[in-house]
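Worksheet: one structure, shown below.
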Amino acid sequence: MPTEKKISSASDCINSMVEGSELKKVRSNSRIYHRYFLLDADMQSLRWEPSKKDSEKAKIDIKSIKEVRTGKNTDIFRSNGISDQISEDCAFSVIYGENYESLDLVANSADVANIWVTGLRYLISYGKHTLDMLESSQDNMRTSWVSQMFSEIDLDNLGHVTLCNAVQCIRTLNPGLKMSKIELKFKELHKSKDKAGTEVIKEEFIEVFHELCTRPEIYFLLVQFSSNKEFLDTKDLMMFLEAEQGLAHINEEISLEIIHKYEPSKEGQGQGWLSIDGFTNYLMSPDCYIFDPEQKKVCQDMKQPLSHYFINSSHNTYLIEDQFRGPSDITGYIRALKMGCRSVELDVWDGPDNEPVIYTGHTMTSQIVFRSVIDIINKYAFSASEYPLILCLENHCSVKQQKVMVQHMRKILGDQLYTTSPNVEDSYLPSPDVLKRKILIKAKKLSSNCSGVEGDVTDEDEGAEMSQRMGKESLEQPPNHVPGRRFQLCKELSELVSICKSVQFKDFQVSFQAQKYWEVCSFNEVLASKYANENPGDFVNYNKRFLARVFPSPMRIDSSNMNPQDFWKCGCQIVAMNFQTPGLMMDLNIGWFRQNGNCGYVLRPAIMREEVSFFSANTKDSVPGVSPQLLHIKIISGQNFPKPKGSGAKGDVVDPYVYVEIHGIPADCAEQKTKTVHQNGDTPIFDESFEFQINLPELAMVRFVVLDDDYIGDEFIGQYTIPFECLQTGYRHVPLQSLTGEVLAHASLFVHVAITNRRGGGKPHKRGLSVRKGKKSREYASLRTLWIKTIDEVFKTAQPPIRDATDLRENMQNAVASFKELCGLSSVANLMQCMLAVAPRFLGPDNAPLVVLNLSEQYPTMELQGIVPEVLKKIVTTYDTMIQSLKALIENADAVYEKIVHCQKAAMEFHEHLHTIGTKEGLKERKLQKAVESFTWNITILKGQADLLKYAKNETLDNLKQIHYAAVSCGLNKPGTENADLQKPRRSLEVIPEKANDETGE
């Protein structure tokens, strides 16, 4: 079937089906047959050939088709041995006959599958009158609007316009299109008609507009929700927004607002209709970007101790190139502060005329005057964020010039300097909220009983190490910097340092016993990596209380960056990056700090903050107490990819493919890529779906990377990096950015995002009934034995409620999964979509309901209205089972939750004296340490199980609201039983599926 011509209407789909196409026919037991399918010219039946059957049997009457189901959502697909090798996006099923038989098909591409699904659905609705209905509406809203656009440029009403004006008009309507491509399309059309001259008539203008400005993937999405119209009305749009985009409390007024904002035609605005062009405008707008707008403002708790946050940090901020010979410039500070950086570095040395200067000592980097840097910091300190700014002073100055530094800072920064002495009675640092618009000085500080004595003032003499390793000892060095010498600190500078006193790190045990909460240690990247690998648990526990700064190895002379995730996973708050160096590592840093209003502070995961919690940075499995979540991403298409910078060998040809990368703890790191789309950077269709298990969602990031497939070496086109917690589910556009972080005009990816178990509803589901476990084989969270009898007895009492909690959750999840399968939807569907899917089946031939929902009680029941087919009885039975599991969870969750929490509290009473109790029980050294670790593990498990049950109850209550709302929307509720008090579903607990609401199943 020719697919070069874009599909922009149902007529196109019908005509393509009449021409026919090769599809794979799937049967059970791994059997797959290649057959040629076509629609009879009279549109009465669907045929396939060759077939051993009689030709009259190798067909299905259109009238007998009950529904068309997308994806691999029938028993035959699930039982086929090679189902895993079949693309979800290319599979569809025709359900027909009184016994609801299924014809299961696989197309060669998602586009072809969409053509058949769309065409068949129109035929089901309109039968042989489909084309008549479509042809009678050819002068439709869209065509009228495009005609009006033509009239506006045909000022003299000549019936034709110049090629230049036609091209310019279409470019205005679709700014992403290249002028050359539009012009070429007109010339090709004229050539096909053997037309001389360059004048463009209205019909040609409309044809080229339809060809260039219709995105088939968006058209197919529109018709799934359009009740078989060529537009969305307010109710269609409401259903799309709620069921696919996850928006709650949508009404027709909100739908109308969207239509008035994005629909280009006056007719559409007046009628309350959203055309394909309006729908495209909406989906491409910032309203439908992948980044959650809630995260564009400060939305996290900012009242926790400073050590509980990741802090956006810069290394050698004054450098704008490499570390050894590069220039120093104040623009480095401007750039970093404008990007939301909250920790900048100043390497200060004695300068001429008693004015301190900033540069990297022992190197050939240029110098800038300290005072000018403080001026710039004062100007830009709070331009991007009002939260505290940390100045990391690497002081190499004489006492005389230290005093000059202090004078400049006090005079210029004034009251912004935070110099309040730490309260020895406190245990933790103040919060970002308390420290708003304050500047903290991180530096060495004199001991309280000292006055101007000598001390080691450098944390990171990187220049010396770099110089030494490069064999550059002969470089001129400052006179006061002889290796091994100690230098004096002045009292005035010491007084500026309050809660960020730099101290030397010795080891974890010493720090746990002696380090003060206001003391900060700096770690060379190499040393930090060693601790991350050898002492991952200790490093995490250390960072629960103390600030840790990690800086790049001095050997990164080219200013390359370390991977910040390697240290964030250990809880390190201040991971200093070379902001001047673009690439993957800086993409991760920029992407990570986009969240929470880009204020430079991101609250660390709870498991990294709580005093008693078990977490190892190097875990390669699920995290104790945290429920894994499944991320489903479908890369649908790309738009307007630019040619990679610097590539010239292939001319304007781009062969794009997309990488989806997950960055986080080791257990989460993964990547998958799409196929290459050859010679199409303007409108490539990928249609590939991927699935990732995310074990610690609060620390995970998703990175989309578009590359040009080149035989010499794949070249970078664009990327976008986003924290997992900032993903918006549903159909979204991803705005691509260049290598240096600029937004690429009009370049984007169109994707679908679904997350199962969002907010931790339980273990992720895999497809099919076969993986479900009964109680006998079910895995329950296990508690560890401490070998301390009194404490072990307490933990033993927690095992029964843990089992009860797991049973309640998984029974509910399995029952819901069974119902989804019978509805013909995948595991990522929500119950609103399930009800919408079965609604058409619950209507008899005369549209009288065969099944109604009684909504008068909290748990809606299905009531049969006469004799119904066995298939529907099975759905009703499965629904009843699901409702009983929802009811059991809701009615028992609180009691089980209280039992788990009670055990947790009882065990925590032993926490303070755990070492003493263990010693009395005869535990020593390693065994005692193991007991402490097991105690922490058990507390983490208990808290996690309690949280999971709480989330599961909220999810269940939300499921009931979805059922209620969908039943009312579809008119399936028993008259007089609607409960007006029930609100629409909350967005936070909705699960957004990959398939449309109007899909139905057996």
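In the structure tokens, each chain is lettered A, B, ... as it comes, each chain's residues begin at 1, and ligands are numbered from 1 in order of appearance.
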Exercise. Could you give me, as a PyMOL selection string, each residue of segment 684-846 of chain A that DSSP assigns to strand (DSSP E) when run on this structure's backbone?
Key: chain A and resi 685-694+701-708+715-723+730-737+743-756
Residues of the last selection are to be written out with C-alpha atoms, as a PDB file, in the first residue's frame.
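Result file is out22.pdb:
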ATOM      1  CA  ILE A 685       7.829   8.595  12.371  1.00  0.00           C
ATOM      2  CA  PHE A 686       9.416   6.218  14.899  1.00  0.00           C
ATOM      3  CA  ASP A 687       6.433   4.560  16.626  1.00  0.00           C
ATOM      4  CA  GLU A 688       8.490   2.520  19.073  1.00  0.00           C
ATOM      5  CA  SER A 689       7.651   1.775  22.701  1.00  0.00           C
ATOM      6  CA  PHE A 690      10.037   1.110  25.568  1.00  0.00           C
ATOM      7  CA  GLU A 691       9.595   0.086  29.181  1.00  0.00           C
ATOM      8  CA  PHE A 692      11.899   0.773  32.125  1.00  0.00           C
ATOM      9  CA  GLN A 693      11.686  -0.260  35.762  1.00  0.00           C
ATOM     10  CA  ILE A 694      12.501   2.653  38.046  1.00  0.00           C
ATOM     11  CA  MET A 701      16.238  11.183  35.241  1.00  0.00           C
ATOM     12  CA  VAL A 702      15.100  10.555  31.679  1.00  0.00           C
ATOM     13  CA  ARG A 703      17.224  11.863  28.804  1.00  0.00           C
ATOM     14  CA  PHE A 704      16.042  11.953  25.203  1.00  0.00           C
ATOM     15  CA  VAL A 705      18.878  12.195  22.680  1.00  0.00           C
ATOM     16  CA  VAL A 706      18.427  12.567  18.919  1.00  0.00           C
ATOM     17  CA  LEU A 707      21.388  11.541  16.780  1.00  0.00           C
ATOM     18  CA  ASP A 708      22.117  11.506  13.065  1.00  0.00           C
ATOM     19  CA  GLU A 715      26.349  13.191  15.184  1.00  0.00           C
ATOM     20  CA  PHE A 716      24.409  15.020  17.876  1.00  0.00           C
ATOM     21  CA  ILE A 717      21.159  16.735  16.848  1.00  0.00           C
ATOM     22  CA  GLY A 718      19.456  17.580  20.156  1.00  0.00           C
ATOM     23  CA  GLN A 719      18.586  16.403  23.656  1.00  0.00           C
ATOM     24  CA  TYR A 720      16.296  17.013  26.596  1.00  0.00           C
ATOM     25  CA  THR A 721      16.858  15.847  30.165  1.00  0.00           C
ATOM     26  CA  ILE A 722      14.085  15.733  32.759  1.00  0.00           C
ATOM     27  CA  PRO A 723      13.747  14.383  36.314  1.00  0.00           C
ATOM     28  CA  GLY A 730      -0.114  11.318  28.268  1.00  0.00           C
ATOM     29  CA  TYR A 731       0.687  12.679  24.817  1.00  0.00           C
ATOM     30  CA  ARG A 732       3.493  15.209  25.130  1.00  0.00           C
ATOM     31  CA  HIS A 733       5.984  17.164  23.068  1.00  0.00           C
ATOM     32  CA  VAL A 734       9.627  17.261  24.147  1.00  0.00           C
ATOM     33  CA  PRO A 735      11.340  20.547  23.185  1.00  0.00           C
ATOM     34  CA  LEU A 736      14.852  19.711  22.052  1.00  0.00           C
ATOM     35  CA  GLN A 737      17.962  21.636  23.054  1.00  0.00           C
ATOM     36  CA  VAL A 743      16.290  25.647  22.621  1.00  0.00           C
ATOM     37  CA  LEU A 744      16.230  24.424  19.010  1.00  0.00           C
ATOM     38  CA  ALA A 745      13.486  26.403  17.258  1.00  0.00           C
ATOM     39  CA  HIS A 746      10.482  24.217  16.344  1.00  0.00           C
ATOM     40  CA  ALA A 747      12.465  20.980  16.942  1.00  0.00           C
ATOM     41  CA  SER A 748      10.711  18.451  19.145  1.00  0.00           C
ATOM     42  CA  LEU A 749       9.814  14.843  19.821  1.00  0.00           C
ATOM     43  CA  PHE A 750       6.211  13.682  20.122  1.00  0.00           C
ATOM     44  CA  VAL A 751       5.931  10.983  22.778  1.00  0.00           C
ATOM     45  CA  HIS A 752       3.459   9.134  24.947  1.00  0.00           C
ATOM     46  CA  VAL A 753       4.320   8.623  28.615  1.00  0.00           C
ATOM     47  CA  ALA A 754       2.623   6.221  31.023  1.00  0.00           C
ATOM     48  CA  ILE A 755       3.680   5.333  34.558  1.00  0.00           C
ATOM     49  CA  THR A 756       2.250   2.388  36.440  1.00  0.00           C
TER      50      THR A 756
END
Quiz item: Do you know which residues are at most 12 Å from Val871 of chain A counting only C-alpha atoms, after dropping those on the same chain fewer than 3 positions away, and could you put them as a list of chain:residue names?
Solution: A:Ile95, A:Gly97, A:Glu98, A:Asn99, A:Tyr100, A:Glu101, A:Leu822, A:Cys823, A:Val838, A:Arg841, A:Phe842, A:Ile867, A:Val868, A:Lys874, A:Ile875, A:Val876, A:Thr877, A:Thr878, A:Gly1001, A:Glu1002
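DSSP on the backbone gives alpha helix (DSSP H) for these parts of segment 529-755 of chain A: Ser529, Lys530, Tyr531, Ala532, Asn533, Glu534, Pro536, Gly537, Asp538, Phe539, Val540, Asn541, Tyr542, Asn543, Gln565, Asp566, Phe567, Trp568, Leu584, Met585, Met586, Asp587, Leu588, Asn589, Ile590, Gly591 and Trp592 of chain A.
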With N, CA and C atoms kept, could you save the residues just selected as a PDB file, in the first residue's frame?
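This went into result16.pdb:
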ATOM      1  N   SER A 529      34.738   8.880  44.897  1.00  0.00           N
ATOM      2  CA  SER A 529      34.393   7.648  44.174  1.00  0.00           C
ATOM      3  C   SER A 529      34.798   6.418  44.982  1.00  0.00           C
ATOM      4  N   LYS A 530      35.948   6.505  45.638  1.00  0.00           N
ATOM      5  CA  LYS A 530      36.424   5.392  46.464  1.00  0.00           C
ATOM      6  C   LYS A 530      35.431   5.121  47.595  1.00  0.00           C
ATOM      7  N   TYR A 531      35.003   6.185  48.273  1.00  0.00           N
ATOM      8  CA  TYR A 531      34.041   6.009  49.364  1.00  0.00           C
ATOM      9  C   TYR A 531      32.693   5.515  48.828  1.00  0.00           C
ATOM     10  N   ALA A 532      32.298   6.023  47.662  1.00  0.00           N
ATOM     11  CA  ALA A 532      31.010   5.621  47.084  1.00  0.00           C
ATOM     12  C   ALA A 532      30.990   4.130  46.778  1.00  0.00           C
ATOM     13  N   ASN A 533      32.147   3.585  46.375  1.00  0.00           N
ATOM     14  CA  ASN A 533      32.222   2.167  46.029  1.00  0.00           C
ATOM     15  C   ASN A 533      32.492   1.274  47.233  1.00  0.00           C
ATOM     16  N   GLU A 534      33.329   1.756  48.159  1.00  0.00           N
ATOM     17  CA  GLU A 534      33.738   0.909  49.281  1.00  0.00           C
ATOM     18  C   GLU A 534      32.897   1.105  50.535  1.00  0.00           C
ATOM     19  N   PRO A 536      29.426   2.665  50.627  1.00  0.00           N
ATOM     20  CA  PRO A 536      28.228   3.368  50.133  1.00  0.00           C
ATOM     21  C   PRO A 536      27.214   3.674  51.234  1.00  0.00           C
ATOM     22  N   GLY A 537      27.028   2.737  52.161  1.00  0.00           N
ATOM     23  CA  GLY A 537      26.079   2.963  53.252  1.00  0.00           C
ATOM     24  C   GLY A 537      26.539   4.056  54.197  1.00  0.00           C
ATOM     25  N   ASP A 538      27.838   4.027  54.562  1.00  0.00           N
ATOM     26  CA  ASP A 538      28.384   5.054  55.461  1.00  0.00           C
ATOM     27  C   ASP A 538      28.305   6.437  54.824  1.00  0.00           C
ATOM     28  N   PHE A 539      28.583   6.507  53.512  1.00  0.00           N
ATOM     29  CA  PHE A 539      28.580   7.793  52.826  1.00  0.00           C
ATOM     30  C   PHE A 539      27.169   8.391  52.859  1.00  0.00           C
ATOM     31  N   VAL A 540      26.164   7.563  52.616  1.00  0.00           N
ATOM     32  CA  VAL A 540      24.779   8.033  52.655  1.00  0.00           C
ATOM     33  C   VAL A 540      24.433   8.528  54.060  1.00  0.00           C
ATOM     34  N   ASN A 541      24.802   7.757  55.077  1.00  0.00           N
ATOM     35  CA  ASN A 541      24.486   8.139  56.462  1.00  0.00           C
ATOM     36  C   ASN A 541      25.220   9.422  56.868  1.00  0.00           C
ATOM     37  N   TYR A 542      26.467   9.558  56.408  1.00  0.00           N
ATOM     38  CA  TYR A 542      27.245  10.760  56.695  1.00  0.00           C
ATOM     39  C   TYR A 542      26.526  11.998  56.155  1.00  0.00           C
ATOM     40  N   ASN A 543      26.011  11.870  54.922  1.00  0.00           N
ATOM     41  CA  ASN A 543      25.379  13.018  54.265  1.00  0.00           C
ATOM     42  C   ASN A 543      23.970  13.310  54.772  1.00  0.00           C
ATOM     43  N   GLN A 565      25.562  12.119  39.063  1.00  0.00           N
ATOM     44  CA  GLN A 565      24.741  11.043  39.635  1.00  0.00           C
ATOM     45  C   GLN A 565      25.563  10.088  40.495  1.00  0.00           C
ATOM     46  N   ASP A 566      26.848   9.937  40.178  1.00  0.00           N
ATOM     47  CA  ASP A 566      27.708   9.054  40.965  1.00  0.00           C
ATOM     48  C   ASP A 566      27.790   9.497  42.421  1.00  0.00           C
ATOM     49  N   PHE A 567      27.556  10.782  42.658  1.00  0.00           N
ATOM     50  CA  PHE A 567      27.692  11.327  44.016  1.00  0.00           C
ATOM     51  C   PHE A 567      26.338  11.730  44.606  1.00  0.00           C
ATOM     52  N   TRP A 568      25.399  12.108  43.741  1.00  0.00           N
ATOM     53  CA  TRP A 568      24.045  12.348  44.255  1.00  0.00           C
ATOM     54  C   TRP A 568      23.476  11.071  44.861  1.00  0.00           C
ATOM     55  N   LEU A 584      26.922  15.520  28.162  1.00  0.00           N
ATOM     56  CA  LEU A 584      26.017  14.686  28.952  1.00  0.00           C
ATOM     57  C   LEU A 584      25.987  15.079  30.420  1.00  0.00           C
ATOM     58  N   MET A 585      27.160  15.234  31.045  1.00  0.00           N
ATOM     59  CA  MET A 585      27.192  15.481  32.488  1.00  0.00           C
ATOM     60  C   MET A 585      26.535  16.814  32.853  1.00  0.00           C
ATOM     61  N   MET A 586      26.769  17.820  32.046  1.00  0.00           N
ATOM     62  CA  MET A 586      26.145  19.114  32.320  1.00  0.00           C
ATOM     63  C   MET A 586      24.647  19.062  31.996  1.00  0.00           C
ATOM     64  N   ASP A 587      24.273  18.262  30.990  1.00  0.00           N
ATOM     65  CA  ASP A 587      22.856  18.062  30.706  1.00  0.00           C
ATOM     66  C   ASP A 587      22.151  17.494  31.935  1.00  0.00           C
ATOM     67  N   LEU A 588      22.795  16.531  32.597  1.00  0.00           N
ATOM     68  CA  LEU A 588      22.208  15.919  33.794  1.00  0.00           C
ATOM     69  C   LEU A 588      22.057  16.954  34.899  1.00  0.00           C
ATOM     70  N   ASN A 589      23.075  17.785  35.076  1.00  0.00           N
ATOM     71  CA  ASN A 589      23.022  18.790  36.137  1.00  0.00           C
ATOM     72  C   ASN A 589      21.921  19.816  35.858  1.00  0.00           C
ATOM     73  N   ILE A 590      21.882  20.309  34.625  1.00  0.00           N
ATOM     74  CA  ILE A 590      20.860  21.307  34.262  1.00  0.00           C
ATOM     75  C   ILE A 590      19.465  20.685  34.370  1.00  0.00           C
ATOM     76  N   GLY A 591      19.331  19.477  33.831  1.00  0.00           N
ATOM     77  CA  GLY A 591      18.037  18.805  33.866  1.00  0.00           C
ATOM     78  C   GLY A 591      17.550  18.563  35.283  1.00  0.00           C
ATOM     79  N   TRP A 592      18.479  18.140  36.158  1.00  0.00           N
ATOM     80  CA  TRP A 592      18.104  17.813  37.534  1.00  0.00           C
ATOM     81  C   TRP A 592      17.574  19.037  38.268  1.00  0.00           C
TER      82      TRP A 592
END
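Between Glu321 of chain A and the residues A:Val223, A:Gln945, A:Thr365, A:Pro656, the shortest atom-to-atom distance, using only C-alpha atoms, involves A:Thr365.
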Quiz item: Near Ser385 of chain A, within 10 Å and counting only C-alpha atoms, which residues show up once chain neighbours fewer than 4 positions away are dropped, as a list in words?
Solution: Val298, Leu337, Lys338, Met339, Gly340, Cys341, Arg342, Tyr380, Ala381, Leu389, Lys436, Arg437, Gly597, Asn598, Cys599, Gly600 and Tyr601 of chain A
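For the pair atom CA of Ala907 of chain A and atom CA of Arg609 of chain A, the separation is 19.3 Å.
Of the listed residues (A:Ile290, A:Gln509, A:Asn973, A:Lys181), A:Asn973 comes nearest to Ser856 of chain A; the distances count only C-alpha atoms.
The spacing separating atom CA of Glu921 of chain A from atom CA of Tyr780 of chain A amounts to 28.9 Å.
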Quiz prompt | Shell of 9 Å around segment 262-279 of chain A, only C-alpha atoms, local chain residues under 6 positions omitted, as a ChimeraX atom specification | solution = /A:8,141-142,144-146,213-215,218-219,222,230-234,237,255-256,285
